[in-house]
Amino acid sequence: MSPEQLLREGVSALDLSLSEAQQQQLLKYVSLLQRWNKAFNLTSVREPEEMVVRHLLDSLAMLPWVGEGELLDIGTGAGLPGVPLAIAHPALSVTMLDSNGKKTRFVKQAILELGLVNATVVQSRVEQYRSAFPQVVMRAFASLPDIISMVAECVAPGGRILALKGALTDIEMAGLPAPWCAQRHALTVPFLDEQRQLLVLTREGE
C-alpha cells in the first residue's frame with residue numbers, strides 16, 4: 001500500500017476530518033524526514049510507509065484528547081507528535097522542545113517548508129526550560145514518577161500532561177505520585193499491531 005493510501009485509510013479509520021491539503025502536508029513532512037534522515041539519522045524508521053504508520057498515524061491517534069490553545073511537545077525529536085498535531089489542528093499553537101541541535105534544525109526547516117504558522121521549535125533541555133503550558137505532550141519512555149518530576153514545572157495551573165506510552169502495568173499506575181491522577185485511554189493505531197496508551201495526567205484539586 002502506498003504512503004498516500006495508508007494515510008487516507010488511516011485517517012478514515014481514526015475518524016478524523018483532515019482536508020486533502022492537510023494530508024498532503026503530512027506526506028510532505030514524511031518526504032522531508034526521509035530525505036534528511038539519510039544524512040542525519042533522525043529516526044530509526046527508514047521506509048515512508050512505516051513513517052506514515054509509526055509517526056503520522058501514531059501521533060494523530062491522540063488528536064481527540066488535544067484541546068485548542070497552546071501545547072508543549074517535550075522531547076519532540078524530529079517533530080513528533082508536534083508537527084502532525086500542528087498540521088491536523090490549526091487552532092493549536094505548538095511549541096516543540098528538544099536538546100538535540102541536529103533534530104531541532106530539521107524541525108525548523110520542516111516548519112518553514114510546510115508553512116506552519118502555528119508551530120515553533122526551541123533547543124533546550126527540559127530542566128532548563130521555564131515556560132508553563134496548559135497542555136504538555138510527550139512520547140513517554142520513562143516511568144510515570146520520572147515523567148512527572150521531569151515535566152511538572154512546564155505544566156500551568158489546571159493544565160495536564162498527555163503521555164503517549166506503549167504497554168503499561170498496574171504496578172506502574174500505582175506508583176503515580178500525589179497529587180497527580182491519571183485517566184488511561186487505549187489507542188488503536190491503524191496498521192500497527194502494538195499496544196498504545198494515552199495517559200491524561202492532572203493535579204487533583206486544580
# chains A, B, ... in the order shown; residues from 1 in each chain; ligands from 1
call {"tool": "select_by_dssp", "arguments": {"residues": "stretch 43-187 of chain A", "states": "strand (DSSP E)", "output": "PyMOL selection string"}}
result
chain A and resi 69-74+92-98+119-123+133-139+155-165+180-187
call {"tool": "select_by_dssp", "arguments": {"residues": "chain A", "states": "alpha helix (DSSP H)", "output": "PyMOL selection string"}}
result
chain A and resi 3-13+20-40+48-51+58-60+82-88+101-114+144-151+170-174
call {"tool": "closest_residue", "arguments": {"among": "A:Pro3, A:Pro64, A:Gly10, A:Pro84", "to": "A:Gln25", "atoms": "only C-alpha atoms"}}
result
A:Pro84
call {"tool": "closest_residue", "arguments": {"among": "A:Val122, A:Leu192, A:Leu116, A:Cys154", "to": "A:Gly101", "atoms": "only C-alpha atoms"}}
result
A:Val122
call {"tool": "residues_around", "arguments": {"residues": "A:Gly205", "least_positions_apart": "6", "cutoff": "12 Å", "atoms": "only C-alpha atoms", "output": "list in words"}}
result
Pro157, Gly158, Gly159, Ala178, Pro179, Trp180 and Cys181 of chain A
call {"tool": "closest_residue", "arguments": {"among": "A:Leu6, A:Ser93, A:Ser31, A:Met173", "to": "A:Glu49", "atoms": "only C-alpha atoms"}}
result
A:Leu6
call {"tool": "closest_residue", "arguments": {"among": "A:Gly115, A:Ala39, A:Asn100, A:Val66", "to": "A:Ala21", "atoms": "only C-alpha atoms"}}
result
A:Gly115
call {"tool": "residues_around", "arguments": {"residues": "A:Arg54", "least_positions_apart": "5", "cutoff": "12 Å", "atoms": "only C-alpha atoms", "output": "list in words"}}
result
Pro3, Leu6, Leu7, Gly10, Val30, Thr43, Ser44, Val45, Arg46, Glu47, Pro48, Glu49, Ser59, Leu60, Ala61, Leu80, Pro81, Pro84, Thr188, Val189, Pro190, Phe191, Leu192, Asp193, Glu194 and Arg196 of chain A
call {"tool": "write_last_selection", "arguments": {"atoms": "N, CA and C atoms", "output": "compact mmCIF listing (two decimals), in the first residue's frame"}}
result
# COMPACT_ATOMS: atom_id res chain seq x y z
N PRO A 3 2.18 5.21 0.62
CA PRO A 3 2.03 6.12 1.76
C PRO A 3 0.73 6.92 1.70
N LEU A 6 -2.14 4.58 2.64
CA LEU A 6 -2.06 4.28 4.08
C LEU A 6 -2.58 5.45 4.91
N LEU A 7 -2.17 6.66 4.55
CA LEU A 7 -2.61 7.84 5.30
C LEU A 7 -4.10 8.04 5.15
N GLY A 10 -5.90 5.36 7.04
CA GLY A 10 -5.65 5.53 8.46
C GLY A 10 -6.44 6.68 9.06
N VAL A 30 6.70 13.67 5.78
CA VAL A 30 7.33 12.36 5.68
C VAL A 30 8.45 12.39 4.63
N THR A 43 15.67 9.32 12.71
CA THR A 43 14.76 8.29 13.22
C THR A 43 15.22 6.93 12.69
N SER A 44 14.96 5.89 13.47
CA SER A 44 15.33 4.54 13.05
C SER A 44 14.37 3.99 12.00
N VAL A 45 13.23 4.65 11.83
CA VAL A 45 12.26 4.24 10.82
C VAL A 45 12.73 4.77 9.47
N ARG A 46 12.89 3.90 8.49
CA ARG A 46 13.51 4.28 7.21
C ARG A 46 12.51 4.42 6.07
N GLU A 47 11.53 3.52 6.01
CA GLU A 47 10.64 3.48 4.84
C GLU A 47 9.47 4.44 5.01
N PRO A 48 9.07 5.15 3.94
CA PRO A 48 7.97 6.12 4.05
C PRO A 48 6.66 5.49 4.50
N GLU A 49 6.40 4.25 4.08
CA GLU A 49 5.16 3.60 4.50
C GLU A 49 5.14 3.40 6.02
N SER A 59 0.87 9.53 15.95
CA SER A 59 0.68 10.86 16.54
C SER A 59 -0.78 11.30 16.48
N LEU A 60 -1.41 11.05 15.33
CA LEU A 60 -2.78 11.53 15.12
C LEU A 60 -3.80 10.78 15.98
N ALA A 61 -3.45 9.58 16.45
CA ALA A 61 -4.39 8.79 17.26
C ALA A 61 -4.76 9.51 18.55
N LEU A 80 7.84 14.98 16.58
CA LEU A 80 6.75 14.04 16.84
C LEU A 80 6.38 14.02 18.31
N PRO A 81 5.10 14.16 18.61
CA PRO A 81 3.96 14.28 17.70
C PRO A 81 3.64 15.71 17.25
N PRO A 84 2.75 16.64 13.22
CA PRO A 84 1.44 16.14 12.80
C PRO A 84 0.27 16.81 13.52
N THR A 188 -5.95 2.88 19.37
CA THR A 188 -5.81 1.93 18.26
C THR A 188 -5.19 2.68 17.09
N VAL A 189 -3.96 2.33 16.75
CA VAL A 189 -3.26 2.96 15.63
C VAL A 189 -3.45 2.07 14.41
N PRO A 190 -4.09 2.58 13.36
CA PRO A 190 -4.33 1.75 12.17
C PRO A 190 -3.02 1.18 11.61
N PHE A 191 -3.07 -0.08 11.22
CA PHE A 191 -1.95 -0.81 10.60
C PHE A 191 -0.79 -1.08 11.56
N LEU A 192 -1.00 -0.83 12.84
CA LEU A 192 0.07 -1.07 13.82
C LEU A 192 -0.41 -2.08 14.86
N ASP A 193 0.24 -3.22 14.91
CA ASP A 193 -0.15 -4.28 15.83
C ASP A 193 0.70 -4.21 17.10
N GLU A 194 0.62 -3.06 17.76
CA GLU A 194 1.33 -2.86 19.01
C GLU A 194 0.43 -2.08 19.97
N ARG A 196 -0.75 0.73 22.41
CA ARG A 196 -0.53 2.15 22.61
C ARG A 196 -1.56 2.66 23.62
call {"tool": "closest_residue", "arguments": {"among": "A:Asp98, A:Glu153, A:Asp146, A:Glu68", "to": "A:Leu176", "atoms": "only C-alpha atoms"}}
result
A:Asp146
call {"tool": "residues_around", "arguments": {"residues": "A:Leu97", "least_positions_apart": "2", "cutoff": "9 Å", "atoms": "only C-alpha atoms", "output": "list in words"}}
result
Leu72, Asp73, Ile74, Gly75, Thr76, Gly77, Gly79, Thr95, Ser99, Thr104, Thr120, Val121, Val122, Gln123, Ser124, Arg125, Val126 and Tyr129 of chain A
